[in-house]
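First the structure, in the form of structure tokens, and then the observations on it.
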Amino acid sequence: MERAQERSPADGPAAGADASATALELLVHGVGGTTPQEMLNDPSTVRVTGDDTAAVFRRAEDVDAESRPEDYRNRPVPEAYVWCNLTSGDSARALWLLLLPFMVVNLAHWMRPDARGHRRTVRLYGLLVRLAGLTLTVLLVAAACEVALDLVAWQCAGTRACAERHSWLGFLSPDGSHDGWWSGPGRRLALAAMVPAGLTGLLWYLSRRTWSAYESVRPMPQQAGPDEDAGRGGLGSPGFWYGRRPVARLRAAHTAAGLLTVASAVGWSAARRDRVPGGPAALDTLGRLLLAAILATALVALWAVCRSGRGENRLDQEPDEHLVRRLPLAALVLLLLAALYGGWERPGWHSAGRLPGGGFTFGGIALVQGALVVALAVVAGLLHRTRPDRRAALRGLAGPAVATLACALGGVMSGGVAQRVSDWLDGTGSFLDGPPVLLTWQASVIPVLLVVLLAFCGGAARRAWLLRRTELGEVRLDYASEPRDAARTARIATTRALATLTDRAPLLVAVVAGTTLLLGAGAIAGAQATDEAPGPAARNAYAFVHGVAQTSQALGSWLIGLGFILFVTWGRRAYKDASARRTIGILWDVGTFWPRAAHPFAPPCYAERAVPDLTWRMATWTRATGGRLVISGHSQGSVLAAAAAWQLAPSDRKRVALLTYGSPLERLYGRWFPAHFGPAALVSLHHDVDCWRNLYRLTDPIGGPVRLPGDCGLEVDRAPLKDPLAYGRTAAHPLPAPILGHSDYQADPVFAEERRRLLARLRPEVPAPRPVTGAQEDPGRSSA
């Protein structure tokens with residue numbers, strides 16, 4: 001790739017009045033990424049603006065196109081915006097996948113139903129999701145405390161037989177008359193607290209660093225004139241792509257909550273010891289004061305989370321309150337005090353059984369999460385009833401269902417890791433009591449959940465097989481003039497049938513969320529029943545259930561270890577292998593498209609860099625040249641293109657046309673995020689840009705029609721493109737034409753045709769009038 005000086009051809013003076021005749025096609029790639037050479041179909045490309053992370057490229061021969069408008073009267077100047085480095089790169093970034101529960105709960109924030117005018121209910125929805133995100137942070141740190149403090153420092157290091165099996169714990173283990181300085185339970189806990197505290201600090205550092213690297217780009221200022229609608233909402237709001245203040249508040253509150261969780265685990269055990277009759281009164285008083293200070297700071301952190309809602313109607317650049325900014329420091333001081341307090345010498349104190357308070361902590365988190373999910377479902381149902389949308393996923397309950405999955409992921413990962421570490425430390429299972437009973441039961445739900453998933457996949461496969469039989473007849477009709485080829489027809493029909501499985505995703509989420517909710521309730525009940533001794537009449541049934549549960553727990557423990565390895569392995573491959581990124585990339589790119597609104601430790605939002613990039617490029621080029629611009633987005637690139645078009649001022653949008661292909665705007669985003677991509681939002685986008693055309697194929701599992709109501713829907717969506725372009729061998733296609741599915745839309749002649757039509761509708765002076773009907777549509781099921 002040729003790297004020239006970074007400059008934009010539109011930065012300087014326009015090349016006279018003739019420059020207004022120039023047309024620009026700004027290409028935005030989709031999931032998986034690509035190179036500028038592939039996008040521009042030229043080996044020699046030049047970076048005209050941007051950096052190594054995201055940039056705009058042109059062919060070397062087109063760098064000074066604005067100074068030669070006569071050479072481009074019959075074709076647009078192609079540009080490529082390459083943003084793949086925002087979501088790929090070093091394979092070590094695959095470790096972000098381990099924070100998947102945080103990303104999922106952040107998605108739930110943006111899945112609320114469309115209910116404009118009900119601000120209080122919308123704020124309540126956001127508050128409930130933020131509180132669910134806070135419980136996930138506490139759960140993660142509590143799980144780290146369970147492993148480091150309880151299993152390692154309290155149980156294994158406090159048991160001579162276990163410590164002898166792990167020589168690296170020798171300096172912590174009591175050895176009769178020659179106890180080491182670190183052998184006291186309080187000091188062991190204080191030392192082990194470095195692990196969860198370090199994890200919390202790492203999350204704080206990553207959140208702060210990724211903000212500076214990805215999300216610190218300020219959007220283009222929106223200066224409205226007398227005829228411009230600066231007050232438009234949704235993705236067009238001035239502050240939508242710049243959430244620095246709420247993210248900073250959430251980061252401070254979640255960091256404080258994590259450190260306070262560690263301080264509570266260390267301080268509570270020592271405080272319980274000091275309350276024994278005959279114990280030192282001074283230490284008892286110090287313990288009570290310390291726990292009171294921890295509780296008061298936790299309430300301040302909770303208050304900060306409640307006040308961290310996003311204000312998107314303006315660009316919020318004000319600094320946060322000193323109290324919120326100092327929350328992590330206050331929590332760190334309390335943690336140090338708890339370590340000093342717990343490490344005080346207490347003669348006769350020995351660790352036995354499980355660390356006190358673990359079962360209550362995890363049980364309380366599970367109950368709070370269940371209550372939050374139920375409340376969220378009630379609020380989402382009320383919002384959906386105000387503006388019903390029949391296409392919305394799960395009838396407006398997608399947010400609560402996804403929040404349930406986030407909590408279930410956190411619980412299963414915590415239980416599985418704790419059980420796996422316990423098995424590794426214990427070996428034969430005769431030394432340790434293991435993790436709290438609830439975590440053991442949570443690990444046991446994994447095999448049951450896998451059975452449910454396999455049953456659903458079987459049902460989906462059967463439905464696809466039945467649909468394939470229907471598609472066989474449709475394919476024959478679409479290629480009626482071609483000679484029959486049973487194998488070719490079957491391949492096309494199978495591809496079409498499999499492409500419809502994407503539309504079954506809401507049912508899958510509903511089944512998994514409902515199953516996990518029931519299994520979670522069963523885990524809590526099972527843990528409670530395990531703690532209570534059964535009566536004589538129930539002993540046989542109890543013994544059977546207990547045996548099944550133990551088998552599931554052991555299997556779940558191994559599955560979580562295997563899943564961890566596969567998770568990281570596939571994540572690393574996804575960052576290195578383009579084909580793997582296309583397989584799982586759409587889910588990851590959907591998750592990281594949205595700003596961090598519910599959880600500050602979620603993976604960074606690439607759109608807070610990409611959308612301002614596109615907005616600045618389109619606005620500066622159209623203002624400098626007065627030319628016409630088609631922003632051409634494929635797959636996820638079409639979502640970025642739409643978001644950038646919403647951010648443009650009306651005077652700039654008059655010179656912009658939108659061409660989308662393989663677009664998930666309605667099929668995925670419109671169904672799952674109705675408040676921002678529902679019918680009302682897409683109709684608004686259609687009227688915002690001068691003209692819009694959408695291309696899709698029946699073989700595409702991701703892209704689809706935008707389904708706008710009325711005549712405007714016919715104007716936007718073209719009839720499904722033929723795929724493959726040729727059924728058999730022809731003079732134009734002497735070799736078999738491939739089934740393209742989601743890729744290579746530009747290979748279809750319809751693409752160039754639709755681009756020409758969009759440019760013809762744009763005028764150098766004023767936008768062209770819209771056609772009233774869809775009379776230009778091609779008849780039939782598909783078009784050439």
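Chains: A, B, ... in order of the structure tokens. Residues: from 1 per chain. Ligands: from 1, in order shown.
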Query raised in the report: Which residues come within 12 Å of Leu290 in chain A, counting only C-alpha atoms, excluding same-chain residues fewer than 6 positions away, as an MDAnalysis selection string?
Result: chainID A and resid 260 263:264 266:268 270:271 283:284 296:297 331 333:342
Query raised in the report: Quick one: distance from CA of Trp588 in chain A to CA of Val195 in chain A in Å, one decimal?
Result: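 Computed distance, CA of Trp588 in chain A to CA of Val195 in chain A, equals 28.5 Å.
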Query raised in the report: Pick from A:Gly416, A:Gly348, A:Gly133, A:Gly236: nearest to His254 in chain A, with only C-alpha atoms counted?
Result: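 Counting only C-alpha atoms, the residue closest to His254 in chain A is A:Gly133.
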Query - Residue neighbourhood range 611-613 of chain A, 8 Å, only C-alpha atoms, exclusion window fewer than 5 positions, as a ChimeraX atom specification - result: /A:217-220,241,640-641,643-644
Query - Separation of CA of Leu519 in chain A from CA of Ala602 in chain A in Å - result: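 Those two atoms sit 25.8 Å apart.
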Requested in this report: Check range 600-640 of chain A with DSSP on the backbone and list each residue it calls helix (DSSP H, G or I), as a PyMOL selection string.
Outcome: chain A and resi 607-625+636-640
Query raised in the report: Neighbours of His686 in chain A within 9 Å (only C-alpha atoms; same-chain residues fewer than 5 positions away dropped), as a count of residues only?
Result: 7
Query raised in the report: Using only C-alpha atoms, which of A:Trp441, A:Ala418, A:Arg272, A:Gly678 sits nearest Ala525 in chain A?
Result: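 Answer, going by the shortest atom-to-atom distance: A:Trp441.
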Query raised in the report: Which neighbours of Tyr479 in chain A fall inside 9 Å, counting only C-alpha atoms, when residues of the same chain fewer than 4 positions from it are skipped, and could you give them as a list in words?
Result: Glu474, Val475, Pro483, Arg484, Ala726 and Tyr727 of chain A
Report task. Could you check which of A:Pro603, A:Gly381, A:Gly309, A:Gly32 is closest to Ala248 in chain A, using only C-alpha atoms? Result ->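 Going through A:Pro603, A:Gly381, A:Gly309, A:Gly32 one by one, the smallest distance to Ala248 in chain A is for A:Gly309.
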Query raised in the report: Using only C-alpha atoms, which of A:Gly311, A:Pro749, A:Gly637, A:Gly434 sits nearest Arg420 in chain A?
Result: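 Ranking A:Gly311, A:Pro749, A:Gly637, A:Gly434 by distance to Arg420 in chain A, first place goes to A:Gly434.
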Query - Nearby residues (only C-alpha atoms) at most 10 Å from Val656 in chain A, same-chain spacing under 2 positions excluded, as a list in words - result: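 So the residues in contact are Leu24, Glu25, Met618, Ala619, Thr622, Gly627, Arg628, Leu629, Val630, Ile631, Ala645, Leu648, Pro650, Ser651, Asp652, Arg653, Lys654, Leu658, Leu659, Asp688, Val689, Asp690, Cys691, Trp692, Leu758, Leu759, Leu762 and Pro767 of chain A.
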Report task. For each of A:Ala499, A:Ala197, A:Ala148, A:Leu725, take the minimum atom-to-atom distance to Ala737 in chain A, counting only C-alpha atoms, then give the residue where this is smallest. Result ->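 Answer, going by the shortest atom-to-atom distance: A:Leu725.
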Query raised in the report: How many Å lie between CA of His350 in chain A and CA of Val421 in chain A, rounded to one decimal?
Result: 22.3 Å
**Report entry** Residue neighbourhood Leu439 in chain A, 10 Å, only C-alpha atoms, exclusion window fewer than 3 positions, as a PyMOL selection string
**Finding:** chain A and resi 143+146+358-359+362-363+411-419+434-436+442-444+523-524+527+553
Could you write out the selected residues, including all heavy atoms, as a compact mmCIF listing (two decimals), in the first residue's frame?
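Once everything was written out, this is result-v4.txt:
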```txt
# COMPACT_ATOMS: atom_id res chain seq x y z
N ALA A 143 -16.59 -13.67 42.59
CA ALA A 143 -16.09 -14.96 42.12
C ALA A 143 -14.56 -15.03 42.25
O ALA A 143 -14.00 -16.07 42.62
CB ALA A 143 -16.52 -15.19 40.68
N GLU A 146 -13.86 -15.61 45.77
CA GLU A 146 -14.14 -17.00 46.13
C GLU A 146 -12.96 -17.90 45.79
O GLU A 146 -12.57 -18.77 46.58
CB GLU A 146 -15.40 -17.47 45.40
CG GLU A 146 -15.69 -18.94 45.51
CD GLU A 146 -15.87 -19.40 46.94
OE1 GLU A 146 -16.32 -18.59 47.78
OE2 GLU A 146 -15.54 -20.56 47.23
N GLY A 358 -19.89 -16.39 52.12
CA GLY A 358 -19.89 -16.64 50.69
C GLY A 358 -21.25 -17.04 50.16
O GLY A 358 -21.72 -16.52 49.13
N GLY A 359 -21.92 -17.97 50.84
CA GLY A 359 -23.24 -18.40 50.39
C GLY A 359 -24.25 -17.28 50.39
O GLY A 359 -25.06 -17.14 49.46
N PHE A 362 -23.48 -14.79 47.24
CA PHE A 362 -23.90 -15.25 45.91
C PHE A 362 -25.41 -15.46 45.85
O PHE A 362 -26.03 -15.20 44.81
CB PHE A 362 -23.15 -16.52 45.55
CG PHE A 362 -21.70 -16.31 45.28
CD1 PHE A 362 -20.74 -16.66 46.22
CD2 PHE A 362 -21.27 -15.72 44.11
CE1 PHE A 362 -19.40 -16.45 45.98
CE2 PHE A 362 -19.93 -15.50 43.86
CZ PHE A 362 -18.98 -15.87 44.81
N GLY A 363 -26.01 -15.92 46.93
CA GLY A 363 -27.46 -16.04 46.95
C GLY A 363 -28.15 -14.69 46.85
O GLY A 363 -29.14 -14.54 46.13
N GLY A 411 -23.33 -15.94 36.17
CA GLY A 411 -23.48 -16.97 37.18
C GLY A 411 -22.84 -18.29 36.79
O GLY A 411 -22.15 -18.93 37.60
N VAL A 412 -23.04 -18.70 35.53
CA VAL A 412 -22.48 -19.98 35.08
C VAL A 412 -20.97 -19.91 35.03
O VAL A 412 -20.27 -20.86 35.44
CB VAL A 412 -23.07 -20.35 33.71
CG1 VAL A 412 -22.31 -21.51 33.10
CG2 VAL A 412 -24.54 -20.72 33.85
N MET A 413 -20.42 -18.79 34.55
CA MET A 413 -18.96 -18.66 34.50
C MET A 413 -18.38 -18.64 35.90
O MET A 413 -17.35 -19.28 36.17
CB MET A 413 -18.58 -17.39 33.73
CG MET A 413 -18.89 -17.45 32.24
SD MET A 413 -18.65 -15.88 31.38
CE MET A 413 -16.88 -15.66 31.53
N SER A 414 -19.03 -17.94 36.83
CA SER A 414 -18.54 -17.89 38.21
C SER A 414 -18.58 -19.27 38.84
O SER A 414 -17.61 -19.74 39.45
CB SER A 414 -19.37 -16.91 39.03
OG SER A 414 -19.30 -15.61 38.49
N GLY A 415 -19.74 -19.94 38.72
CA GLY A 415 -19.87 -21.26 39.31
C GLY A 415 -18.94 -22.27 38.68
O GLY A 415 -18.31 -23.09 39.38
N GLY A 416 -18.81 -22.24 37.35
CA GLY A 416 -17.95 -23.21 36.68
C GLY A 416 -16.49 -23.03 37.02
O GLY A 416 -15.77 -24.01 37.28
N VAL A 417 -16.01 -21.77 37.03
CA VAL A 417 -14.60 -21.53 37.35
C VAL A 417 -14.31 -21.91 38.80
O VAL A 417 -13.29 -22.55 39.10
CB VAL A 417 -14.25 -20.05 37.09
CG1 VAL A 417 -12.87 -19.72 37.64
CG2 VAL A 417 -14.30 -19.76 35.59
N ALA A 418 -15.21 -21.52 39.72
CA ALA A 418 -14.99 -21.86 41.13
C ALA A 418 -14.96 -23.37 41.33
O ALA A 418 -14.09 -23.90 42.04
CB ALA A 418 -16.08 -21.23 41.99
N GLN A 419 -15.88 -24.09 40.70
CA GLN A 419 -15.91 -25.54 40.84
C GLN A 419 -14.67 -26.18 40.21
O GLN A 419 -14.10 -27.13 40.76
CB GLN A 419 -17.18 -26.10 40.20
CG GLN A 419 -17.40 -27.58 40.44
CD GLN A 419 -17.61 -27.91 41.90
OE1 GLN A 419 -18.33 -27.20 42.60
NE2 GLN A 419 -16.98 -28.99 42.37
N GLY A 434 -15.01 -27.03 49.31
CA GLY A 434 -15.38 -26.53 47.99
C GLY A 434 -16.07 -25.19 48.04
O GLY A 434 -16.20 -24.56 49.11
N PRO A 435 -16.53 -24.70 46.88
CA PRO A 435 -17.19 -23.39 46.83
C PRO A 435 -18.56 -23.45 47.48
O PRO A 435 -19.05 -24.53 47.82
CB PRO A 435 -17.29 -23.11 45.33
CG PRO A 435 -17.31 -24.46 44.71
CD PRO A 435 -16.45 -25.33 45.57
N PRO A 436 -19.22 -22.30 47.69
CA PRO A 436 -20.59 -22.31 48.22
C PRO A 436 -21.52 -23.20 47.39
O PRO A 436 -21.33 -23.38 46.18
CB PRO A 436 -21.00 -20.84 48.15
CG PRO A 436 -19.72 -20.08 48.21
CD PRO A 436 -18.72 -20.94 47.50
N GLN A 442 -24.99 -23.92 40.27
CA GLN A 442 -24.97 -23.15 39.02
C GLN A 442 -24.11 -23.83 37.97
O GLN A 442 -24.42 -23.80 36.78
CB GLN A 442 -24.47 -21.73 39.28
CG GLN A 442 -25.49 -20.85 39.99
CD GLN A 442 -24.96 -19.48 40.28
OE1 GLN A 442 -23.76 -19.25 40.36
NE2 GLN A 442 -25.87 -18.52 40.47
N ALA A 443 -23.02 -24.46 38.40
CA ALA A 443 -22.20 -25.20 37.43
C ALA A 443 -22.94 -26.41 36.88
O ALA A 443 -22.72 -26.82 35.74
CB ALA A 443 -20.89 -25.64 38.11
N SER A 444 -23.87 -26.95 37.68
CA SER A 444 -24.57 -28.16 37.25
C SER A 444 -25.63 -27.89 36.19
O SER A 444 -26.13 -28.84 35.57
CB SER A 444 -25.23 -28.83 38.46
OG SER A 444 -26.30 -28.04 38.96
N ALA A 523 -31.54 -23.78 40.89
CA ALA A 523 -30.25 -23.81 41.57
C ALA A 523 -30.36 -23.22 42.97
O ALA A 523 -29.79 -23.75 43.93
CB ALA A 523 -29.21 -23.05 40.76
N ILE A 524 -31.11 -22.11 43.09
CA ILE A 524 -31.30 -21.51 44.42
C ILE A 524 -32.06 -22.47 45.33
O ILE A 524 -31.69 -22.68 46.50
CB ILE A 524 -32.03 -20.17 44.29
CG1 ILE A 524 -31.17 -19.17 43.51
CG2 ILE A 524 -32.38 -19.62 45.66
CD1 ILE A 524 -31.87 -17.85 43.25
N ALA A 527 -29.76 -25.39 46.24
CA ALA A 527 -28.78 -25.01 47.26
C ALA A 527 -29.41 -24.92 48.63
O ALA A 527 -28.82 -25.33 49.63
CB ALA A 527 -28.14 -23.68 46.87
N GLN A 553 -22.78 -31.55 38.16
CA GLN A 553 -21.79 -30.59 38.64
C GLN A 553 -20.40 -30.94 38.13
O GLN A 553 -19.64 -30.07 37.69
CB GLN A 553 -21.81 -30.55 40.17
CG GLN A 553 -23.05 -29.89 40.74
CD GLN A 553 -23.31 -30.30 42.18
OE1 GLN A 553 -22.49 -30.94 42.81
NE2 GLN A 553 -24.48 -29.94 42.70
```
